[in-house]
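The next block is target15.pdb, given as PDB, C-alpha atoms, pLDDT in the B column.
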MODEL        1
ATOM      1  CA  MET A1229       8.692  -3.972 -21.149  1.00 53.00           C
ATOM      2  CA  PRO A1230       8.088  -5.510 -17.756  1.00 60.00           C
ATOM      3  CA  SER A1231      11.161  -6.353 -15.813  1.00 86.00           C
ATOM      4  CA  ALA A1232      11.784  -7.403 -12.274  1.00 92.00           C
ATOM      5  CA  LEU A1233      14.632  -6.668  -9.915  1.00 94.00           C
ATOM      6  CA  ILE A1234      15.082  -9.173  -7.120  1.00 95.00           C
ATOM      7  CA  ASN A1235      17.545  -8.979  -4.287  1.00 95.00           C
ATOM      8  CA  VAL A1236      18.020 -12.235  -2.385  1.00 95.00           C
ATOM      9  CA  PRO A1237      21.306 -13.092  -0.640  1.00 95.00           C
ATOM     10  CA  ALA A1238      23.135 -15.885  -2.501  1.00 94.00           C
ATOM     11  CA  LYS A1239      24.113 -17.641   0.724  1.00 94.00           C
ATOM     12  CA  ALA A1240      22.721 -17.724   4.239  1.00 95.00           C
ATOM     13  CA  LYS A1241      23.182 -19.607   7.482  1.00 95.00           C
ATOM     14  CA  ARG A1242      20.559 -22.223   8.315  1.00 94.00           C
ATOM     15  CA  GLY A1243      17.724 -20.734  10.343  1.00 92.00           C
ATOM     16  CA  SER A1244      18.695 -17.137   9.741  1.00 94.00           C
ATOM     17  CA  VAL A1245      16.225 -14.405   8.778  1.00 95.00           C
ATOM     18  CA  ILE A1246      16.928 -12.820   5.401  1.00 96.00           C
ATOM     19  CA  GLU A1247      15.518  -9.731   3.750  1.00 96.00           C
ATOM     20  CA  ILE A1248      14.095  -9.981   0.242  1.00 97.00           C
ATOM     21  CA  LYS A1249      13.693  -6.879  -1.904  1.00 97.00           C
ATOM     22  CA  THR A1250      11.599  -6.901  -5.049  1.00 97.00           C
ATOM     23  CA  LEU A1251      10.841  -4.304  -7.669  1.00 96.00           C
ATOM     24  CA  MET A1252       8.631  -4.747 -10.708  1.00 96.00           C
ATOM     25  CA  SER A1253       8.511  -2.070 -13.359  1.00 95.00           C
ATOM     26  CA  HIS A1254       4.870  -1.139 -13.878  1.00 94.00           C
ATOM     27  CA  ILE A1255       3.002   2.116 -14.474  1.00 92.00           C
ATOM     28  CA  MET A1256       0.380   1.438 -11.735  1.00 94.00           C
ATOM     29  CA  GLU A1257      -2.183   3.695 -13.436  1.00 93.00           C
ATOM     30  CA  THR A1258      -4.710   4.539 -10.722  1.00 91.00           C
ATOM     31  CA  GLY A1259      -7.854   4.899 -12.832  1.00 90.00           C
ATOM     32  CA  TYR A1260      -8.479   8.282 -11.207  1.00 88.00           C
ATOM     33  CA  ARG A1261      -6.558  10.434 -13.656  1.00 88.00           C
ATOM     34  CA  HIS A1262      -8.001  12.229 -16.669  1.00 87.00           C
ATOM     35  CA  THR A1263      -6.499  13.205 -19.990  1.00 87.00           C
ATOM     36  CA  ALA A1264      -6.559  16.824 -21.138  1.00 86.00           C
ATOM     37  CA  SER A1265      -9.769  16.068 -23.053  1.00 88.00           C
ATOM     38  CA  GLY A1266     -11.447  14.797 -19.887  1.00 85.00           C
ATOM     39  CA  ASP A1267     -11.442  11.065 -20.509  1.00 89.00           C
ATOM     40  CA  VAL A1268     -10.660   8.812 -17.576  1.00 90.00           C
ATOM     41  CA  VAL A1269      -7.417   6.891 -17.982  1.00 91.00           C
ATOM     42  CA  PRO A1270      -8.448   3.275 -17.296  1.00 93.00           C
ATOM     43  CA  ARG A1271      -7.005   1.540 -14.264  1.00 93.00           C
ATOM     44  CA  ASP A1272      -3.944  -0.600 -14.936  1.00 95.00           C
ATOM     45  CA  ILE A1273      -2.302  -1.856 -11.764  1.00 96.00           C
ATOM     46  CA  ILE A1274      -0.704  -4.941 -10.295  1.00 96.00           C
ATOM     47  CA  THR A1275      -3.246  -6.406  -7.917  1.00 96.00           C
ATOM     48  CA  SER A1276      -1.387  -9.299  -6.393  1.00 97.00           C
ATOM     49  CA  PHE A1277       2.170 -10.283  -5.518  1.00 97.00           C
ATOM     50  CA  THR A1278       3.169 -13.711  -4.241  1.00 97.00           C
ATOM     51  CA  CYS A1279       6.482 -15.183  -3.134  1.00 96.00           C
ATOM     52  CA  ARG A1280       6.899 -18.955  -2.822  1.00 96.00           C
ATOM     53  CA  PHE A1281       9.856 -20.924  -1.538  1.00 95.00           C
ATOM     54  CA  ASN A1282      10.179 -24.433  -2.982  1.00 94.00           C
ATOM     55  CA  GLY A1283       6.488 -24.286  -3.802  1.00 93.00           C
ATOM     56  CA  THR A1284       5.245 -23.065  -0.386  1.00 94.00           C
ATOM     57  CA  GLU A1285       3.840 -19.582  -0.117  1.00 95.00           C
ATOM     58  CA  VAL A1286       5.917 -17.418   2.234  1.00 95.00           C
ATOM     59  CA  PHE A1287       4.563 -13.947   1.475  1.00 96.00           C
ATOM     60  CA  ARG A1288       1.598 -12.465  -0.367  1.00 96.00           C
ATOM     61  CA  ALA A1289       0.331  -8.944  -0.900  1.00 97.00           C
ATOM     62  CA  ASP A1290      -2.815  -7.340  -2.323  1.00 96.00           C
ATOM     63  CA  LEU A1291      -1.963  -4.077  -4.017  1.00 97.00           C
ATOM     64  CA  TYR A1292      -4.248  -1.092  -4.596  1.00 95.00           C
ATOM     65  CA  PRO A1293      -3.909   2.059  -6.724  1.00 94.00           C
ATOM     66  CA  ALA A1294      -2.312   3.743  -3.686  1.00 94.00           C
ATOM     67  CA  ILE A1295       0.874   1.747  -4.271  1.00 96.00           C
ATOM     68  CA  ALA A1296       3.400   3.897  -6.139  1.00 95.00           C
ATOM     69  CA  ALA A1297       4.505   3.119  -9.701  1.00 94.00           C
ATOM     70  CA  ASN A1298       7.105   0.356 -10.035  1.00 95.00           C
ATOM     71  CA  PRO A1299       5.987  -1.468  -6.878  1.00 96.00           C
ATOM     72  CA  PHE A1300       8.890  -1.978  -4.512  1.00 97.00           C
ATOM     73  CA  ILE A1301       8.193  -4.480  -1.757  1.00 97.00           C
ATOM     74  CA  THR A1302      10.573  -5.778   0.865  1.00 97.00           C
ATOM     75  CA  PHE A1303       9.894  -8.456   3.441  1.00 97.00           C
ATOM     76  CA  PHE A1304      11.664 -11.067   5.548  1.00 96.00           C
ATOM     77  CA  THR A1305      11.748 -14.820   5.647  1.00 96.00           C
ATOM     78  CA  THR A1306      13.521 -17.591   7.564  1.00 95.00           C
ATOM     79  CA  VAL A1307      15.617 -19.985   5.506  1.00 93.00           C
ATOM     80  CA  THR A1308      15.970 -23.610   6.592  1.00 93.00           C
ATOM     81  CA  GLU A1309      17.172 -25.271   3.388  1.00 93.00           C
ATOM     82  CA  SER A1310      18.666 -24.440   0.025  1.00 95.00           C
ATOM     83  CA  GLY A1311      16.122 -23.809  -2.644  1.00 95.00           C
ATOM     84  CA  LYS A1312      14.444 -21.502  -5.047  1.00 96.00           C
ATOM     85  CA  PHE A1313      12.254 -18.468  -4.475  1.00 96.00           C
ATOM     86  CA  GLU A1314       9.550 -17.860  -7.054  1.00 96.00           C
ATOM     87  CA  PHE A1315       7.937 -14.470  -7.399  1.00 97.00           C
ATOM     88  CA  GLU A1316       4.712 -13.763  -9.223  1.00 96.00           C
ATOM     89  CA  TRP A1317       2.983 -10.497 -10.070  1.00 97.00           C
ATOM     90  CA  ILE A1318      -0.567 -10.490 -11.399  1.00 96.00           C
ATOM     91  CA  GLY A1319      -2.442  -7.419 -12.536  1.00 95.00           C
ATOM     92  CA  ASP A1320      -5.037  -5.754 -14.755  1.00 95.00           C
ATOM     93  CA  LYS A1321      -5.166  -6.312 -18.510  1.00 94.00           C
ATOM     94  CA  GLY A1322      -3.804  -9.832 -18.146  1.00 94.00           C
ATOM     95  CA  PHE A1323      -0.519  -8.717 -16.630  1.00 94.00           C
ATOM     96  CA  SER A1324       1.430 -11.681 -15.297  1.00 95.00           C
ATOM     97  CA  GLU A1325       5.149 -11.843 -14.622  1.00 94.00           C
ATOM     98  CA  THR A1326       7.377 -14.242 -12.751  1.00 95.00           C
ATOM     99  CA  ALA A1327      10.933 -14.204 -11.483  1.00 95.00           C
ATOM    100  CA  GLN A1328      13.164 -16.617  -9.609  1.00 94.00           C
ATOM    101  CA  ALA A1329      16.113 -16.509  -7.254  1.00 95.00           C
ATOM    102  CA  SER A1330      18.115 -19.308  -5.672  1.00 95.00           C
ATOM    103  CA  ILE A1331      19.691 -19.422  -2.247  1.00 96.00           C
ATOM    104  CA  THR A1332      22.310 -21.750  -0.794  1.00 96.00           C
ATOM    105  CA  VAL A1333      21.879 -22.517   2.881  1.00 94.00           C
ATOM    106  CA  GLU A1334      24.840 -23.845   4.779  1.00 89.00           C
TER     107      GLU A1334
ATOM    108  CA  MET B 114     -32.424  50.761  -6.998  1.00 45.00           C
ATOM    109  CA  ALA B 115     -29.039  50.790  -8.732  1.00 46.00           C
ATOM    110  CA  ASN B 116     -27.428  49.913  -5.452  1.00 50.00           C
ATOM    111  CA  SER B 117     -29.676  46.916  -4.862  1.00 48.00           C
ATOM    112  CA  ASN B 118     -29.011  45.636  -8.419  1.00 50.00           C
ATOM    113  CA  HIS B 119     -25.314  45.841  -7.773  1.00 54.00           C
ATOM    114  CA  THR B 120     -25.647  43.790  -4.608  1.00 55.00           C
ATOM    115  CA  THR B 121     -27.691  41.176  -6.422  1.00 63.00           C
ATOM    116  CA  ARG B 122     -25.137  40.839  -9.200  1.00 64.00           C
ATOM    117  CA  ARG B 123     -22.350  40.483  -6.685  1.00 62.00           C
ATOM    118  CA  THR B 124     -24.292  37.894  -4.740  1.00 58.00           C
ATOM    119  CA  VAL B 125     -25.034  35.907  -7.872  1.00 55.00           C
ATOM    120  CA  LEU B 126     -21.394  36.006  -8.984  1.00 55.00           C
ATOM    121  CA  GLY B 127     -20.292  35.005  -5.521  1.00 57.00           C
ATOM    122  CA  LEU B 128     -22.647  32.055  -5.497  1.00 54.00           C
ATOM    123  CA  ALA B 129     -21.564  30.971  -8.980  1.00 54.00           C
ATOM    124  CA  GLY B 130     -17.913  31.171  -7.951  1.00 54.00           C
ATOM    125  CA  GLY B 131     -18.578  29.161  -4.830  1.00 51.00           C
ATOM    126  CA  ALA B 132     -20.407  26.487  -6.787  1.00 48.00           C
ATOM    127  CA  ALA B 133     -17.578  26.235  -9.317  1.00 47.00           C
ATOM    128  CA  VAL B 134     -15.032  25.757  -6.526  1.00 44.00           C
ATOM    129  CA  LEU B 135     -17.204  23.097  -4.912  1.00 42.00           C
ATOM    130  CA  VAL B 136     -17.432  21.160  -8.162  1.00 41.00           C
ATOM    131  CA  ILE B 137     -13.767  21.371  -9.085  1.00 41.00           C
ATOM    132  CA  VAL B 138     -12.063  20.858  -5.747  1.00 42.00           C
ATOM    133  CA  ARG B 139     -12.438  17.129  -5.213  1.00 44.00           C
ATOM    134  CA  PRO B 140     -13.025  14.638  -8.023  1.00 47.00           C
ATOM    135  CA  ALA B 141     -13.093  11.721  -5.605  1.00 58.00           C
ATOM    136  CA  ALA B 142     -11.917  11.254  -2.062  1.00 65.00           C
ATOM    137  CA  ALA B 143     -12.433   8.613   0.545  1.00 67.00           C
ATOM    138  CA  THR B 144     -14.427   9.767   3.516  1.00 74.00           C
ATOM    139  CA  PRO B 145     -13.894   8.770   7.139  1.00 81.00           C
ATOM    140  CA  ALA B 146     -16.975   6.558   6.684  1.00 85.00           C
ATOM    141  CA  MET B 147     -15.313   4.721   3.778  1.00 88.00           C
ATOM    142  CA  LEU B 148     -12.175   4.330   5.877  1.00 90.00           C
ATOM    143  CA  SER B 149     -14.021   2.776   8.785  1.00 90.00           C
ATOM    144  CA  ALA B 150     -15.988   0.559   6.378  1.00 91.00           C
ATOM    145  CA  ALA B 151     -12.729  -0.673   4.827  1.00 92.00           C
ATOM    146  CA  ILE B 152     -11.308  -1.358   8.290  1.00 93.00           C
ATOM    147  CA  ARG B 153     -14.517  -3.176   9.333  1.00 92.00           C
ATOM    148  CA  ASN B 154     -14.152  -5.334   6.201  1.00 91.00           C
ATOM    149  CA  VAL B 155     -10.830  -6.571   7.511  1.00 92.00           C
ATOM    150  CA  VAL B 156     -11.360  -6.761  11.258  1.00 92.00           C
ATOM    151  CA  GLY B 157     -15.070  -7.582  11.380  1.00 91.00           C
ATOM    152  CA  GLU B 158     -16.505  -7.058  14.842  1.00 88.00           C
ATOM    153  CA  ALA B 159     -13.154  -7.439  16.586  1.00 89.00           C
ATOM    154  CA  ASN B 160     -11.766  -4.738  18.803  1.00 91.00           C
ATOM    155  CA  VAL B 161      -8.741  -2.890  17.405  1.00 93.00           C
ATOM    156  CA  ARG B 162      -6.247  -1.876  20.064  1.00 93.00           C
ATOM    157  CA  THR B 163      -3.463   0.654  19.760  1.00 95.00           C
ATOM    158  CA  GLY B 164       0.105  -0.580  20.100  1.00 92.00           C
ATOM    159  CA  LYS B 165       2.589  -3.222  18.923  1.00 93.00           C
ATOM    160  CA  VAL B 166       2.602  -1.773  15.398  1.00 96.00           C
ATOM    161  CA  LYS B 167       5.173   0.749  14.236  1.00 96.00           C
ATOM    162  CA  LEU B 168       4.614   2.806  11.101  1.00 96.00           C
ATOM    163  CA  ASP B 169       7.716   4.464   9.693  1.00 96.00           C
ATOM    164  CA  ILE B 170       6.719   7.175   7.256  1.00 96.00           C
ATOM    165  CA  PRO B 171       8.151  10.655   6.780  1.00 95.00           C
ATOM    166  CA  PRO B 172       5.980  13.260   8.566  1.00 95.00           C
ATOM    167  CA  LEU B 173       6.554  15.758   5.737  1.00 95.00           C
ATOM    168  CA  VAL B 174       6.625  14.583   2.109  1.00 94.00           C
ATOM    169  CA  GLU B 175       7.349  16.714  -0.902  1.00 91.00           C
ATOM    170  CA  ASN B 176       6.020  14.339  -3.531  1.00 91.00           C
ATOM    171  CA  GLY B 177       2.917  12.311  -2.752  1.00 91.00           C
ATOM    172  CA  ASN B 178       3.522  10.077  -5.770  1.00 92.00           C
ATOM    173  CA  THR B 179       6.098   8.018  -3.975  1.00 93.00           C
ATOM    174  CA  VAL B 180       6.240   7.920  -0.204  1.00 95.00           C
ATOM    175  CA  PRO B 181       8.451   5.281   1.433  1.00 96.00           C
ATOM    176  CA  MET B 182       6.717   3.421   4.214  1.00 96.00           C
ATOM    177  CA  THR B 183       7.767   0.652   6.596  1.00 97.00           C
ATOM    178  CA  VAL B 184       5.428  -1.215   8.906  1.00 97.00           C
ATOM    179  CA  SER B 185       6.858  -3.389  11.643  1.00 96.00           C
ATOM    180  CA  VAL B 186       5.093  -5.328  14.367  1.00 96.00           C
ATOM    181  CA  THR B 187       6.508  -6.386  17.711  1.00 95.00           C
ATOM    182  CA  SER B 188       6.139 -10.143  17.685  1.00 93.00           C
ATOM    183  CA  PRO B 189       8.353 -13.131  18.531  1.00 93.00           C
ATOM    184  CA  MET B 190       7.269 -14.752  15.211  1.00 93.00           C
ATOM    185  CA  THR B 191       7.167 -18.292  16.604  1.00 93.00           C
ATOM    186  CA  ALA B 192       4.856 -21.089  15.439  1.00 92.00           C
ATOM    187  CA  ASP B 193       2.188 -20.158  17.984  1.00 92.00           C
ATOM    188  CA  ASP B 194       2.653 -16.402  18.249  1.00 94.00           C
ATOM    189  CA  TYR B 195       3.085 -14.613  14.949  1.00 95.00           C
ATOM    190  CA  VAL B 196       1.652 -11.921  12.714  1.00 96.00           C
ATOM    191  CA  LYS B 197      -0.864 -13.174  10.154  1.00 96.00           C
ATOM    192  CA  SER B 198      -1.297 -10.030   8.133  1.00 96.00           C
ATOM    193  CA  ILE B 199      -0.674  -6.306   7.956  1.00 97.00           C
ATOM    194  CA  HIS B 200      -3.220  -3.931   6.421  1.00 96.00           C
ATOM    195  CA  VAL B 201      -2.550  -0.310   5.546  1.00 96.00           C
ATOM    196  CA  PHE B 202      -5.256   2.314   5.075  1.00 95.00           C
ATOM    197  CA  ASN B 203      -5.460   6.012   4.307  1.00 94.00           C
ATOM    198  CA  GLU B 204      -8.002   8.687   4.974  1.00 91.00           C
ATOM    199  CA  LYS B 205      -8.239  10.867   1.875  1.00 90.00           C
ATOM    200  CA  ASN B 206      -7.112   9.015  -1.264  1.00 91.00           C
ATOM    201  CA  PRO B 207      -9.950   8.085  -3.640  1.00 91.00           C
ATOM    202  CA  GLN B 208      -9.814   4.583  -2.153  1.00 92.00           C
ATOM    203  CA  PRO B 209      -9.227   3.834   1.538  1.00 93.00           C
ATOM    204  CA  ASN B 210      -7.062   0.733   0.971  1.00 94.00           C
ATOM    205  CA  ILE B 211      -3.328   0.917   0.367  1.00 96.00           C
ATOM    206  CA  GLY B 212      -2.255  -2.705   0.662  1.00 96.00           C
ATOM    207  CA  ASN B 213      -2.686  -5.994   2.487  1.00 97.00           C
ATOM    208  CA  PHE B 214       0.386  -8.065   3.321  1.00 97.00           C
ATOM    209  CA  TYR B 215       0.086 -11.688   4.416  1.00 97.00           C
ATOM    210  CA  LEU B 216       2.933 -13.173   6.440  1.00 94.00           C
ATOM    211  CA  GLY B 217       3.336 -16.365   8.396  1.00 90.00           C
ATOM    212  CA  PRO B 218       5.394 -17.711  11.280  1.00 91.00           C
ATOM    213  CA  ARG B 219       8.352 -18.356   9.000  1.00 90.00           C
ATOM    214  CA  ALA B 220       8.687 -14.699   8.060  1.00 94.00           C
ATOM    215  CA  GLY B 221      11.045 -14.410  11.042  1.00 93.00           C
ATOM    216  CA  ARG B 222      10.528 -10.685  11.297  1.00 94.00           C
ATOM    217  CA  ALA B 223       7.179  -8.951  10.941  1.00 96.00           C
ATOM    218  CA  GLN B 224       8.283  -6.067   8.779  1.00 96.00           C
ATOM    219  CA  VAL B 225       7.179  -4.893   5.347  1.00 97.00           C
ATOM    220  CA  SER B 226       8.297  -1.902   3.282  1.00 97.00           C
ATOM    221  CA  THR B 227       6.871  -0.387   0.134  1.00 97.00           C
ATOM    222  CA  ARG B 228       6.274   2.949  -1.548  1.00 96.00           C
ATOM    223  CA  ILE B 229       2.813   4.470  -1.585  1.00 95.00           C
ATOM    224  CA  ARG B 230       0.838   7.360  -3.076  1.00 94.00           C
ATOM    225  CA  LEU B 231      -0.886  10.003  -0.987  1.00 94.00           C
ATOM    226  CA  ALA B 232      -3.413  12.363  -2.562  1.00 91.00           C
ATOM    227  CA  ASP B 233      -3.440  14.823   0.317  1.00 89.00           C
ATOM    228  CA  SER B 234      -2.071  15.549   3.766  1.00 92.00           C
ATOM    229  CA  GLN B 235      -3.733  12.890   5.847  1.00 93.00           C
ATOM    230  CA  LYS B 236      -3.577  10.091   8.363  1.00 93.00           C
ATOM    231  CA  VAL B 237      -2.199   6.675   7.448  1.00 95.00           C
ATOM    232  CA  THR B 238      -3.305   3.709   9.551  1.00 95.00           C
ATOM    233  CA  ALA B 239      -1.632   0.311   9.808  1.00 96.00           C
ATOM    234  CA  ILE B 240      -3.437  -2.644  11.373  1.00 96.00           C
ATOM    235  CA  ALA B 241      -1.843  -5.988  12.214  1.00 96.00           C
ATOM    236  CA  ARG B 242      -3.670  -9.255  12.730  1.00 96.00           C
ATOM    237  CA  LEU B 243      -1.897 -11.609  15.101  1.00 95.00           C
ATOM    238  CA  SER B 244      -2.165 -15.391  15.226  1.00 94.00           C
ATOM    239  CA  ASP B 245      -4.599 -15.165  18.181  1.00 93.00           C
ATOM    240  CA  ASP B 246      -6.861 -12.999  15.937  1.00 93.00           C
ATOM    241  CA  THR B 247      -6.380  -9.828  17.939  1.00 94.00           C
ATOM    242  CA  PHE B 248      -5.914  -6.603  15.986  1.00 96.00           C
ATOM    243  CA  TRP B 249      -3.400  -3.880  16.769  1.00 95.00           C
ATOM    244  CA  SER B 250      -3.048  -0.558  15.038  1.00 95.00           C
ATOM    245  CA  THR B 251      -1.114   2.650  14.792  1.00 96.00           C
ATOM    246  CA  THR B 252      -1.707   5.897  12.945  1.00 95.00           C
ATOM    247  CA  ALA B 253       0.690   8.476  11.534  1.00 95.00           C
ATOM    248  CA  ASP B 254       0.062  11.979  10.230  1.00 95.00           C
ATOM    249  CA  VAL B 255       1.667  12.888   6.919  1.00 95.00           C
ATOM    250  CA  VAL B 256       1.842  16.352   5.388  1.00 95.00           C
ATOM    251  CA  VAL B 257       2.043  16.228   1.579  1.00 93.00           C
ATOM    252  CA  THR B 258       3.165  19.259  -0.453  1.00 90.00           C
ATOM    253  CA  LEU B 259       2.653  17.866  -3.966  1.00 84.00           C
ATOM    254  CA  ALA B 260      -0.343  15.537  -4.082  1.00 81.00           C
ATOM    255  CA  ALA B 261      -0.532  12.355  -6.149  1.00 75.00           C
ATOM    256  CA  CYS B 262      -3.413  11.409  -8.457  1.00 60.00           C
ATOM    257  CA  THR B 263      -4.512  14.927  -9.297  1.00 61.00           C
ATOM    258  CA  GLU B 264      -2.237  15.731 -12.215  1.00 62.00           C
ATOM    259  CA  GLU B 265      -3.476  15.261 -15.776  1.00 61.00           C
ATOM    260  CA  ALA B 266      -2.149  12.390 -17.796  1.00 59.00           C
ATOM    261  CA  ILE B 267      -0.606  13.649 -20.983  1.00 55.00           C
TER     262      ILE B 267
ENDMDL
END

For this file, write the structure as structure tokens.
Amino acid sequence: MPSALINVPAKAKRGSVIEIKTLMSHIMETGYRHTASGDVVPRDIITSFTCRFNGTEVFRADLYPAIAANPFITFFTTVTESGKFEFEWIGDKGFSETAQASITVE
Amino acid sequence: MANSNHTTRRTVLGLAGGAAVLVIVRPAAATPAMLSAAIRNVVGEANVRTGKVKLDIPPLVENGNTVPMTVSVTSPMTADDYVKSIHVFNEKNPQPNIGNFYLGPRAGRAQVSTRIRLADSQKVTAIARLSDDTFWSTTADVVVTLAACTEEAI
């Protein structure tokens, strides 16, 4: 079952830079492996990750098979107001997951 | 006569063995040409200079299936001088791309971390695109003891 782990500080000072850590459980099958009988295991990866803050995109990533299983991505952002982060993962075979985290800026 | 036959047999076996090794060794691997094509795709005709980018990756990795990597770029990250994107490439995986990361001025700090797969000991290259559309790069050598991608799926 897909599940996301998000680490966003609950509170931050206005204008400060915060670190966001995200992890999505996913096999990230490369499409380059073979079974014992020689069949290619079809590719099944997350291809895109997006983070929005109050609807505005703040970070985006294109992922390739060279990203390890259970993609773990950390990045930074400046917070100017309280609001909600929305995270979205899109991948092969119709994979689509979202997660949210709120932050209070004082 | 017998001697010459023996030599022939040995030669034939040697050739067969060599061919088998050639076939088995590499199912698929990016070539330096694929790497430079992938980089050209991103940078176009622009000149890529060395500097500003820092690639933190262990020089010796035991397991190529999960290699921690951090890319950071020296930049003030203000509205008119910031990092637009960071692109990471490798030399010898089946595909030259690892990931593209798009930031903006509000990122505050131009730094991205993730975990990657490496199919072989090789060079990893990170390229940053700044807001003035200049490109900066750095390259790191990584030695991998257990390669990713090659094991059979059960």

Task: Residue neighbourhood Glu1334 of chain A, 12 Å, all atoms listed in the file, exclusion window fewer than 5 positions, as a PyMOL selection string - done: chain A and resi 1238-1244+1307-1311

Do you have, as CSV, the list of residues of chain B lying at most 8 Å from chain A, each with its nearest atom pair and that distance in Å to one decimal, counting only C-alpha atoms and ordered by chain then number?
residue,atom,partner,partner_atom,distance
B:Asn178,CA,A:Ala1296,CA,6.2
B:Thr179,CA,A:Ala1296,CA,5.4
B:Val180,CA,A:Ala1296,CA,7.7
B:Asn206,CA,A:Ala1294,CA,7.5
B:Pro207,CA,A:Tyr1260,CA,7.7
B:Gln208,CA,A:Ala1294,CA,7.7
B:Asn210,CA,A:Tyr1292,CA,6.5
B:Ile211,CA,A:Ala1294,CA,5.0
B:Gly212,CA,A:Leu1291,CA,4.9
B:Asn213,CA,A:Asp1290,CA,5.0
B:Phe214,CA,A:Ala1289,CA,4.3
B:Tyr215,CA,A:Arg1288,CA,5.1
B:Leu216,CA,A:Phe1287,CA,5.3
B:Gly217,CA,A:Val1286,CA,6.8
B:Arg219,CA,A:Thr1306,CA,5.4
B:Ala220,CA,A:Thr1305,CA,3.9
B:Gly221,CA,A:Thr1306,CA,5.3
B:Arg222,CA,A:Phe1304,CA,5.9
B:Ala223,CA,A:Phe1304,CA,7.3
B:Gln224,CA,A:Phe1303,CA,6.1
B:Val225,CA,A:Phe1303,CA,4.9
B:Ser226,CA,A:Thr1302,CA,5.1
B:Thr227,CA,A:Ile1301,CA,4.7
B:Arg228,CA,A:Ala1296,CA,5.5
B:Ile229,CA,A:Ile1295,CA,4.3
B:Arg230,CA,A:Ala1294,CA,4.8
B:Leu231,CA,A:Ala1294,CA,7.0
B:Cys262,CA,A:Arg1261,CA,6.2
B:Thr263,CA,A:Arg1261,CA,6.6
B:Glu264,CA,A:Arg1261,CA,7.0
B:Glu265,CA,A:His1262,CA,5.5
B:Ala266,CA,A:Thr1263,CA,4.9
B:Ile267,CA,A:Thr1263,CA,6.0

- [ ] Would you mind listing what lies within 10 Å of segment 165-177 of chain B as a PyMOL selection string, with all atoms listed in the file counted and same-chain residues fewer than 6 positions away left out?
- [x] (chain A and resi 1296) or (chain B and resi 183-188+199+201+223-226+228-234+237-241+248-262)

- [ ] Could you please determine the separation between atom CA of Pro218 of chain B and atom CA of Val196 of chain B in Å, to one decimal place?
- [x]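 Computed distance, atom CA of Pro218 of chain B to atom CA of Val196 of chain B, equals 7.0 Å.
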
Open item on the list: Selection in question (the file shown): the PyMOL selection byres ((chain A and resi 1328) around 12). Which residues does it include, as an MDAnalysis selection string?
Closed with: chainID A and resid 1232:1236 1248 1250 1278:1283 1311:1317 1325:1327 1329:1331
